[in-house]
file start_23.pdb (PDB, C-alpha atoms)
MODEL        1
ATOM      1  CA  MET A 558     131.167 -28.879 129.145  1.00  0.00           C
ATOM      2  CA  ALA A 559     133.986 -30.166 126.933  1.00  0.00           C
ATOM      3  CA  GLY A 560     136.278 -30.215 129.965  1.00  0.00           C
ATOM      4  CA  VAL A 561     133.813 -32.418 131.820  1.00  0.00           C
ATOM      5  CA  ALA A 562     133.681 -34.756 128.826  1.00  0.00           C
ATOM      6  CA  GLY A 563     137.487 -34.854 128.862  1.00  0.00           C
ATOM      7  CA  PHE A 564     137.584 -35.759 132.556  1.00  0.00           C
ATOM      8  CA  THR A 565     134.965 -38.473 132.003  1.00  0.00           C
ATOM      9  CA  GLU A 566     136.964 -39.862 129.083  1.00  0.00           C
ATOM     10  CA  ALA A 567     140.113 -39.892 131.209  1.00  0.00           C
ATOM     11  CA  THR A 568     138.339 -41.714 134.036  1.00  0.00           C
ATOM     12  CA  LEU A 569     136.997 -44.425 131.752  1.00  0.00           C
ATOM     13  CA  LEU A 570     140.343 -44.794 129.998  1.00  0.00           C
ATOM     14  CA  PHE A 571     142.087 -45.145 133.354  1.00  0.00           C
ATOM     15  CA  LEU A 572     139.674 -47.908 134.374  1.00  0.00           C
ATOM     16  CA  VAL A 573     140.323 -49.723 131.101  1.00  0.00           C
ATOM     17  CA  ALA A 574     144.083 -49.374 131.667  1.00  0.00           C
ATOM     18  CA  LEU A 575     143.735 -50.871 135.158  1.00  0.00           C
ATOM     19  CA  VAL A 576     141.793 -53.831 133.793  1.00  0.00           C
ATOM     20  CA  SER A 577     144.353 -54.284 131.015  1.00  0.00           C
ATOM     21  CA  PHE A 578     147.228 -54.322 133.498  1.00  0.00           C
ATOM     22  CA  THR A 579     145.337 -56.689 135.802  1.00  0.00           C
ATOM     23  CA  PHE A 580     145.004 -59.306 133.072  1.00  0.00           C
ATOM     24  CA  SER A 581     148.305 -58.628 131.287  1.00  0.00           C
ATOM     25  CA  PRO A 582     150.132 -61.594 132.902  1.00  0.00           C
ATOM     26  CA  GLN A 583     147.738 -63.913 131.027  1.00  0.00           C
ATOM     27  CA  ALA A 584     148.077 -62.096 127.708  1.00  0.00           C
ATOM     28  CA  GLY A 585     151.118 -59.892 127.080  1.00  0.00           C
ATOM     29  CA  LEU A 586     149.317 -57.843 124.442  1.00  0.00           C
ATOM     30  CA  LEU A 587     147.007 -56.434 127.114  1.00  0.00           C
ATOM     31  CA  GLY A 588     150.008 -54.737 128.720  1.00  0.00           C
ATOM     32  CA  VAL A 589     150.636 -52.831 125.482  1.00  0.00           C
ATOM     33  CA  PHE A 590     147.016 -51.726 125.401  1.00  0.00           C
ATOM     34  CA  GLY A 591     147.274 -50.742 129.057  1.00  0.00           C
ATOM     35  CA  VAL A 592     150.166 -48.402 128.254  1.00  0.00           C
ATOM     36  CA  LEU A 593     148.199 -46.968 125.301  1.00  0.00           C
ATOM     37  CA  TYR A 594     145.198 -46.292 127.531  1.00  0.00           C
ATOM     38  CA  LEU A 595     147.392 -44.669 130.198  1.00  0.00           C
ATOM     39  CA  VAL A 596     148.874 -42.330 127.581  1.00  0.00           C
ATOM     40  CA  LEU A 597     145.364 -41.464 126.377  1.00  0.00           C
ATOM     41  CA  THR A 598     144.306 -40.901 129.994  1.00  0.00           C
ATOM     42  CA  ALA A 599     147.154 -38.432 130.520  1.00  0.00           C
ATOM     43  CA  GLY A 600     146.346 -36.631 127.268  1.00  0.00           C
ATOM     44  CA  CYS A 601     142.666 -36.273 128.117  1.00  0.00           C
ATOM     45  CA  LEU A 602     143.428 -35.086 131.651  1.00  0.00           C
ATOM     46  CA  TRP A 603     145.941 -32.551 130.407  1.00  0.00           C
ATOM     47  CA  GLY A 604     143.470 -31.354 127.774  1.00  0.00           C
ATOM     48  CA  ALA A 605     140.562 -31.129 130.206  1.00  0.00           C
ATOM     49  CA  VAL A 606     142.596 -29.084 132.698  1.00  0.00           C
ATOM     50  CA  SER A 607     143.852 -26.860 129.881  1.00  0.00           C
ATOM     51  CA  VAL A 608     140.293 -26.245 128.656  1.00  0.00           C
ATOM     52  CA  LEU A 609     138.929 -25.545 132.120  1.00  0.00           C
ATOM     53  CA  ARG A 610     141.732 -23.053 132.763  1.00  0.00           C
ATOM     54  CA  GLY A 611     141.008 -21.375 129.433  1.00  0.00           C
ATOM     55  CA  ARG A 612     144.476 -21.874 128.011  1.00  0.00           C
ATOM     56  CA  SER A 613     144.087 -24.024 124.894  1.00  0.00           C
ATOM     57  CA  ALA A 614     141.710 -26.532 123.383  1.00  0.00           C
ATOM     58  CA  ARG A 615     144.375 -28.325 121.331  1.00  0.00           C
ATOM     59  CA  PRO A 616     145.429 -30.996 123.872  1.00  0.00           C
ATOM     60  CA  LEU A 617     141.826 -32.080 124.464  1.00  0.00           C
ATOM     61  CA  LEU A 618     141.096 -32.009 120.733  1.00  0.00           C
ATOM     62  CA  ALA A 619     144.081 -34.261 120.070  1.00  0.00           C
ATOM     63  CA  GLY A 620     143.375 -36.613 122.972  1.00  0.00           C
ATOM     64  CA  SER A 621     139.708 -36.903 122.105  1.00  0.00           C
ATOM     65  CA  ALA A 622     140.443 -37.485 118.437  1.00  0.00           C
ATOM     66  CA  VAL A 623     142.854 -40.330 119.200  1.00  0.00           C
ATOM     67  CA  THR A 624     140.439 -41.764 121.782  1.00  0.00           C
ATOM     68  CA  GLY A 625     137.671 -41.633 119.206  1.00  0.00           C
ATOM     69  CA  VAL A 626     139.782 -43.503 116.654  1.00  0.00           C
ATOM     70  CA  VAL A 627     140.732 -46.187 119.210  1.00  0.00           C
ATOM     71  CA  ALA A 628     137.099 -46.529 120.344  1.00  0.00           C
ATOM     72  CA  LEU A 629     135.896 -46.761 116.746  1.00  0.00           C
ATOM     73  CA  ALA A 630     138.480 -49.482 116.094  1.00  0.00           C
ATOM     74  CA  GLY A 631     137.188 -51.330 119.174  1.00  0.00           C
ATOM     75  CA  LEU A 632     133.632 -51.086 117.897  1.00  0.00           C
ATOM     76  CA  VAL A 633     134.602 -52.367 114.453  1.00  0.00           C
ATOM     77  CA  VAL A 634     136.575 -55.291 115.903  1.00  0.00           C
ATOM     78  CA  GLY A 635     133.659 -56.174 118.177  1.00  0.00           C
ATOM     79  CA  LEU A 636     131.217 -56.102 115.286  1.00  0.00           C
ATOM     80  CA  LEU A 637     133.504 -58.159 113.033  1.00  0.00           C
ATOM     81  CA  GLN A 638     133.882 -60.800 115.725  1.00  0.00           C
ATOM     82  CA  GLY A 639     130.109 -61.055 116.003  1.00  0.00           C
ATOM     83  CA  GLY A 640     129.964 -59.651 119.525  1.00  0.00           C
ATOM     84  CA  GLY A 641     127.681 -56.762 118.666  1.00  0.00           C
ATOM     85  CA  VAL A 642     128.165 -53.220 119.897  1.00  0.00           C
ATOM     86  CA  ALA A 643     130.114 -53.054 123.157  1.00  0.00           C
ATOM     87  CA  PHE A 644     129.015 -50.434 125.681  1.00  0.00           C
ATOM     88  CA  LEU A 645     132.422 -49.033 126.704  1.00  0.00           C
ATOM     89  CA  PRO A 646     133.820 -48.302 123.213  1.00  0.00           C
ATOM     90  CA  ALA A 647     130.481 -46.780 122.227  1.00  0.00           C
ATOM     91  CA  LEU A 648     130.490 -44.544 125.304  1.00  0.00           C
ATOM     92  CA  LEU A 649     134.112 -43.510 124.743  1.00  0.00           C
ATOM     93  CA  LEU A 650     133.347 -42.704 121.099  1.00  0.00           C
ATOM     94  CA  LEU A 651     130.324 -40.641 122.114  1.00  0.00           C
ATOM     95  CA  LEU A 652     132.327 -38.669 124.702  1.00  0.00           C
ATOM     96  CA  ALA A 653     135.241 -38.121 122.316  1.00  0.00           C
ATOM     97  CA  VAL A 654     133.041 -36.900 119.481  1.00  0.00           C
ATOM     98  CA  GLY A 655     131.059 -34.745 121.917  1.00  0.00           C
ATOM     99  CA  ALA A 656     134.184 -33.042 123.249  1.00  0.00           C
ATOM    100  CA  VAL A 657     135.515 -32.379 119.740  1.00  0.00           C
ATOM    101  CA  VAL A 658     132.171 -31.015 118.523  1.00  0.00           C
ATOM    102  CA  LEU A 659     131.831 -28.754 121.553  1.00  0.00           C
ATOM    103  CA  LEU A 660     135.354 -27.392 121.140  1.00  0.00           C
ATOM    104  CA  LEU A 661     134.898 -26.744 117.427  1.00  0.00           C
ATOM    105  CA  GLN A 662     131.729 -24.681 117.882  1.00  0.00           C
ATOM    106  CA  ALA A 663     132.064 -21.032 116.908  1.00  0.00           C
ATOM    107  CA  PRO A 664     131.372 -19.658 120.432  1.00  0.00           C
ATOM    108  CA  SER A 665     134.049 -21.922 121.884  1.00  0.00           C
ATOM    109  CA  ARG A 666     136.637 -20.886 119.303  1.00  0.00           C
ATOM    110  CA  GLU A 667     135.775 -17.203 119.824  1.00  0.00           C
ATOM    111  CA  TRP A 668     136.069 -17.582 123.599  1.00  0.00           C
ATOM    112  CA  PHE A 669     139.516 -19.175 123.377  1.00  0.00           C
ATOM    113  CA  ALA A 670     140.647 -16.535 120.866  1.00  0.00           C
ATOM    114  CA  ALA A 671     139.460 -13.682 123.109  1.00  0.00           C
ATOM    115  CA  HIS A 672     140.832 -15.298 126.243  1.00  0.00           C
ATOM    116  CA  ARG A 673     144.225 -15.855 124.660  1.00  0.00           C
ATOM    117  CA  ASP A 674     144.501 -12.228 123.504  1.00  0.00           C
ATOM    118  CA  GLY A 675     143.287 -10.647 126.719  1.00  0.00           C
TER     119      GLY A 675
ENDMDL
END
call {"tool": "encode", "arguments": {"input": "start_23.pdb", "output": "structure tokens"}}
result
Amino acid sequence: MAGVAGFTEATLLFLVALVSFTFSPQAGLLGVFGVLYLVLTAGCLWGAVSVLRGRSARPLLAGSAVTGVVALAGLVVGLLQGGGVAFLPALLLLLAVGAVVLLLQAPSREWFAAHRDG
């Protein structure tokens, strides 16, 4: 389930990167955010594939943690600007926290430990 959350995160991050690159000629800062979102996309994809293959949970944990921090920052900025809670950062935060919680559950840790040894 955490792998599916990782793939969903990566898909949403990729869409945000495409939108950022589309509008980057108007605002150069969007290009920087586009690169950030592409890096997060690659990290979440790598982590999701690694989890689904049973190799390691660390890449998805790291990618989801960074995605969660970026999404939380987006929520805070949106709230401080008076725009309310935006749907996309809230969804990304929910997926990131969900993936981390699922991977940190005892059965998940035991499965990766047993799969790594055997």
call {"tool": "resolve_selection", "arguments": {"input": "start_23.pdb", "expression": "the PyMOL selection byres ((chain A and resi 609) around 10)", "output": "short mmCIF file (atom, residue, chain, number, x, y, z; two decimals) with C-alpha atoms, in the coordinates of the input"}}
result
data_model
loop_
_atom_site.label_atom_id
_atom_site.label_comp_id
_atom_site.auth_asym_id
_atom_site.auth_seq_id
_atom_site.Cartn_x
_atom_site.Cartn_y
_atom_site.Cartn_z
CA MET A 558 131.17 -28.88 129.15
CA ALA A 559 133.99 -30.17 126.93
CA GLY A 560 136.28 -30.22 129.96
CA VAL A 561 133.81 -32.42 131.82
CA GLY A 563 137.49 -34.85 128.86
CA GLY A 604 143.47 -31.35 127.77
CA ALA A 605 140.56 -31.13 130.21
CA VAL A 606 142.60 -29.08 132.70
CA SER A 607 143.85 -26.86 129.88
CA VAL A 608 140.29 -26.24 128.66
CA ARG A 610 141.73 -23.05 132.76
CA GLY A 611 141.01 -21.38 129.43
CA ARG A 612 144.48 -21.87 128.01
CA SER A 613 144.09 -24.02 124.89
CA ALA A 614 141.71 -26.53 123.38
#
call {"tool": "resolve_selection", "arguments": {"input": "start_23.pdb", "expression": "the PyMOL selection byres ((chain A and resi 654) around 10)", "output": "ChimeraX atom specification"}}
result
/A:562,618,621-622,624-626,648-653,655-660
call {"tool": "atom_distance", "arguments": {"input": "start_23.pdb", "atom1": "atom CA of A:Phe564", "atom2": "atom CA of A:Thr598"}}
result
8.8 Å
call {"tool": "closest_residue", "arguments": {"input": "start_23.pdb", "among": "A:Pro582, A:Gly639, A:Gly620, A:Pro646", "to": "A:Val596", "atoms": "all atoms listed in the file"}}
result
A:Gly620
call {"tool": "residues_around", "arguments": {"input": "start_23.pdb", "residues": "A:Ser577", "least_positions_apart": "6", "cutoff": "10 Å", "atoms": "only C-alpha atoms", "output": "VMD selection string"}}
result
chain A and resid 571 584 to 592 594
call {"tool": "write_last_selection", "arguments": {"input": "start_23.pdb", "atoms": "C-alpha atoms", "output": "PDB file, keeping the file's coordinate frame"}}
result
ATOM      1  CA  PHE A 571     142.087 -45.145 133.354  1.00  0.00           C
ATOM      2  CA  ALA A 584     148.077 -62.096 127.708  1.00  0.00           C
ATOM      3  CA  GLY A 585     151.118 -59.892 127.080  1.00  0.00           C
ATOM      4  CA  LEU A 586     149.317 -57.843 124.442  1.00  0.00           C
ATOM      5  CA  LEU A 587     147.007 -56.434 127.114  1.00  0.00           C
ATOM      6  CA  GLY A 588     150.008 -54.737 128.720  1.00  0.00           C
ATOM      7  CA  VAL A 589     150.636 -52.831 125.482  1.00  0.00           C
ATOM      8  CA  PHE A 590     147.016 -51.726 125.401  1.00  0.00           C
ATOM      9  CA  GLY A 591     147.274 -50.742 129.057  1.00  0.00           C
ATOM     10  CA  VAL A 592     150.166 -48.402 128.254  1.00  0.00           C
ATOM     11  CA  TYR A 594     145.198 -46.292 127.531  1.00  0.00           C
TER      12      TYR A 594
END
call {"tool": "atom_distance", "arguments": {"input": "start_23.pdb", "atom1": "atom CA of A:Ala663", "atom2": "atom CA of A:Cys601"}}
result
21.7 Å
call {"tool": "closest_residue", "arguments": {"input": "start_23.pdb", "among": "A:Leu632, A:Val576, A:Ala671, A:Leu597", "to": "A:Leu645", "atoms": "only C-alpha atoms"}}
result
A:Leu632
call {"tool": "atom_distance", "arguments": {"input": "start_23.pdb", "atom1": "atom CA of A:Phe580", "atom2": "atom CA of A:Val634"}}
result
19.5 Å
call {"tool": "axis_aligned_box", "arguments": {"input": "start_23.pdb", "around": "stretch 567-575 of chain A", "padding_each_side": "4 Å", "output": "AutoDock Vina command-line options"}}
result
--center_x 140.5 --center_y -45.4 --center_z 132.6 --size_x 15.1 --size_y 19.0 --size_z 13.2
call {"tool": "closest_residue", "arguments": {"input": "start_23.pdb", "among": "A:Glu667, A:Thr568, A:Leu602, A:Ala647", "to": "A:Gly635", "atoms": "only C-alpha atoms"}}
result
A:Ala647
call {"tool": "closest_residue", "arguments": {"input": "start_23.pdb", "among": "A:Ala574, A:Leu593, A:Ala670, A:Leu661", "to": "A:Val623", "atoms": "all atoms listed in the file"}}
result
A:Leu593
call {"tool": "decode", "arguments": {"input": "start_23.pdb", "residues": "chain A", "atoms": "C-alpha atoms", "output": "mmCIF file, in the first residue's frame"}}
result
data_model
loop_
_atom_site.group_PDB
_atom_site.id
_atom_site.type_symbol
_atom_site.label_atom_id
_atom_site.label_comp_id
_atom_site.auth_asym_id
_atom_site.auth_seq_id
_atom_site.Cartn_x
_atom_site.Cartn_y
_atom_site.Cartn_z
ATOM 1 C CA MET A 558 0.000 0.000 0.000
ATOM 2 C CA ALA A 559 2.892 2.366 0.730
ATOM 3 C CA GLY A 560 4.233 1.730 -2.769
ATOM 4 C CA VAL A 561 0.909 2.780 -4.258
ATOM 5 C CA ALA A 562 0.989 5.945 -2.154
ATOM 6 C CA GLY A 563 4.511 6.595 -3.447
ATOM 7 C CA PHE A 564 3.420 6.201 -7.070
ATOM 8 C CA THR A 565 0.453 8.517 -6.473
ATOM 9 C CA GLU A 566 2.738 11.094 -4.864
ATOM 10 C CA ALA A 567 5.120 10.875 -7.816
ATOM 11 C CA THR A 568 2.282 11.347 -10.303
ATOM 12 C CA LEU A 569 0.957 14.436 -8.552
ATOM 13 C CA LEU A 570 4.447 15.874 -8.153
ATOM 14 C CA PHE A 571 5.118 15.327 -11.851
ATOM 15 C CA LEU A 572 1.922 17.187 -12.756
ATOM 16 C CA VAL A 573 2.933 20.077 -10.509
ATOM 17 C CA ALA A 574 6.383 20.126 -12.143
ATOM 18 C CA LEU A 575 4.784 20.284 -15.602
ATOM 19 C CA VAL A 576 2.599 23.204 -14.558
ATOM 20 C CA SER A 577 5.601 24.949 -13.000
ATOM 21 C CA PHE A 578 7.633 24.575 -16.188
ATOM 22 C CA THR A 579 4.687 25.711 -18.315
ATOM 23 C CA PHE A 580 4.444 29.017 -16.462
ATOM 24 C CA SER A 581 8.157 29.484 -15.730
ATOM 25 C CA PRO A 582 8.716 31.968 -18.604
ATOM 26 C CA GLN A 583 6.399 34.398 -16.774
ATOM 27 C CA ALA A 584 8.023 33.883 -13.378
ATOM 28 C CA GLY A 585 11.567 32.503 -13.186
ATOM 29 C CA LEU A 586 11.072 31.221 -9.649
ATOM 30 C CA LEU A 587 8.565 28.663 -10.927
ATOM 31 C CA GLY A 588 11.368 26.992 -12.883
ATOM 32 C CA VAL A 589 13.263 26.410 -9.630
ATOM 33 C CA PHE A 590 10.174 24.869 -8.077
ATOM 34 C CA GLY A 591 9.707 22.757 -11.195
ATOM 35 C CA VAL A 592 13.190 21.288 -10.758
ATOM 36 C CA LEU A 593 12.471 20.659 -7.053
ATOM 37 C CA TYR A 594 9.254 18.827 -7.909
ATOM 38 C CA LEU A 595 11.010 16.747 -10.584
ATOM 39 C CA VAL A 596 13.647 15.680 -8.050
ATOM 40 C CA LEU A 597 10.893 14.757 -5.583
ATOM 41 C CA THR A 598 9.104 12.852 -8.356
ATOM 42 C CA ALA A 599 12.232 10.808 -9.071
ATOM 43 C CA GLY A 600 12.764 10.113 -5.370
ATOM 44 C CA CYS A 601 9.194 8.941 -4.845
ATOM 45 C CA LEU A 602 9.279 6.757 -7.961
ATOM 46 C CA TRP A 603 12.571 5.199 -6.948
ATOM 47 C CA GLY A 604 11.240 4.607 -3.434
ATOM 48 C CA ALA A 605 7.948 3.140 -4.629
ATOM 49 C CA VAL A 606 9.702 0.702 -6.976
ATOM 50 C CA SER A 607 12.151 -0.224 -4.219
ATOM 51 C CA VAL A 608 9.296 -0.914 -1.787
ATOM 52 C CA LEU A 609 7.294 -2.940 -4.284
ATOM 53 C CA ARG A 610 10.357 -5.053 -5.086
ATOM 54 C CA GLY A 611 10.957 -5.594 -1.373
ATOM 55 C CA ARG A 612 14.443 -4.130 -1.350
ATOM 56 C CA SER A 613 14.362 -1.137 1.000
ATOM 57 C CA ALA A 614 11.919 1.347 2.443
ATOM 58 C CA ARG A 615 14.502 4.107 2.939
ATOM 59 C CA PRO A 616 14.171 5.887 -0.440
ATOM 60 C CA LEU A 617 10.386 6.154 -0.107
ATOM 61 C CA LEU A 618 10.691 7.241 3.524
ATOM 62 C CA ALA A 619 13.099 10.004 2.532
ATOM 63 C CA GLY A 620 11.110 11.103 -0.515
ATOM 64 C CA SER A 621 7.838 11.115 1.378
ATOM 65 C CA ALA A 622 9.335 13.006 4.297
ATOM 66 C CA VAL A 623 10.691 15.754 2.037
ATOM 67 C CA THR A 624 7.413 15.851 0.087
ATOM 68 C CA GLY A 625 5.529 16.184 3.351
ATOM 69 C CA VAL A 626 7.705 19.101 4.457
ATOM 70 C CA VAL A 627 7.270 20.873 1.095
ATOM 71 C CA ALA A 628 3.498 20.263 1.152
ATOM 72 C CA LEU A 629 3.252 21.515 4.732
ATOM 73 C CA ALA A 630 5.168 24.650 3.731
ATOM 74 C CA GLY A 631 2.708 25.132 0.852
ATOM 75 C CA LEU A 632 -0.221 24.805 3.227
ATOM 76 C CA VAL A 633 1.264 27.304 5.674
ATOM 77 C CA VAL A 634 2.014 29.826 2.913
ATOM 78 C CA GLY A 635 -1.517 29.441 1.557
ATOM 79 C CA LEU A 636 -3.029 29.986 4.983
ATOM 80 C CA LEU A 637 -0.812 33.001 5.710
ATOM 81 C CA GLN A 638 -1.806 34.602 2.421
ATOM 82 C CA GLY A 639 -5.465 34.179 3.323
ATOM 83 C CA GLY A 640 -6.171 31.662 0.573
ATOM 84 C CA GLY A 641 -7.372 28.926 2.890
ATOM 85 C CA VAL A 642 -6.371 25.291 2.600
ATOM 86 C CA ALA A 643 -5.356 24.328 -0.935
ATOM 87 C CA PHE A 644 -6.396 20.875 -2.137
ATOM 88 C CA LEU A 645 -3.136 19.739 -3.778
ATOM 89 C CA PRO A 646 -0.745 20.449 -0.872
ATOM 90 C CA ALA A 647 -3.234 18.868 1.524
ATOM 91 C CA LEU A 648 -3.476 15.751 -0.644
ATOM 92 C CA LEU A 649 0.307 15.523 -1.024
ATOM 93 C CA LEU A 650 0.735 15.892 2.744
ATOM 94 C CA LEU A 651 -1.846 13.179 3.377
ATOM 95 C CA LEU A 652 -0.164 10.772 0.933
ATOM 96 C CA ALA A 653 3.312 11.507 2.298
ATOM 97 C CA VAL A 654 2.293 11.000 5.913
ATOM 98 C CA GLY A 655 0.337 7.878 4.949
ATOM 99 C CA ALA A 656 3.328 6.313 3.203
ATOM 100 C CA VAL A 657 5.646 7.083 6.128
ATOM 101 C CA VAL A 658 3.172 5.726 8.692
ATOM 102 C CA LEU A 659 2.623 2.550 6.687
ATOM 103 C CA LEU A 660 6.354 1.952 6.295
ATOM 104 C CA LEU A 661 7.052 2.537 9.981
ATOM 105 C CA GLN A 662 4.479 -0.008 11.168
ATOM 106 C CA ALA A 663 5.940 -3.019 12.950
ATOM 107 C CA PRO A 664 4.715 -5.591 10.368
ATOM 108 C CA SER A 665 6.283 -3.577 7.560
ATOM 109 C CA ARG A 666 9.625 -3.279 9.342
ATOM 110 C CA GLU A 667 9.587 -7.007 10.170
ATOM 111 C CA TRP A 668 8.788 -7.887 6.555
ATOM 112 C CA PHE A 669 11.676 -5.814 5.197
ATOM 113 C CA ALA A 670 14.031 -7.249 7.832
ATOM 114 C CA ALA A 671 13.039 -10.836 6.979
ATOM 115 C CA HIS A 672 13.111 -10.188 3.251
ATOM 116 C CA ARG A 673 16.555 -8.627 3.430
ATOM 117 C CA ASP A 674 18.002 -11.564 5.390
ATOM 118 C CA GLY A 675 16.420 -14.302 3.312
#
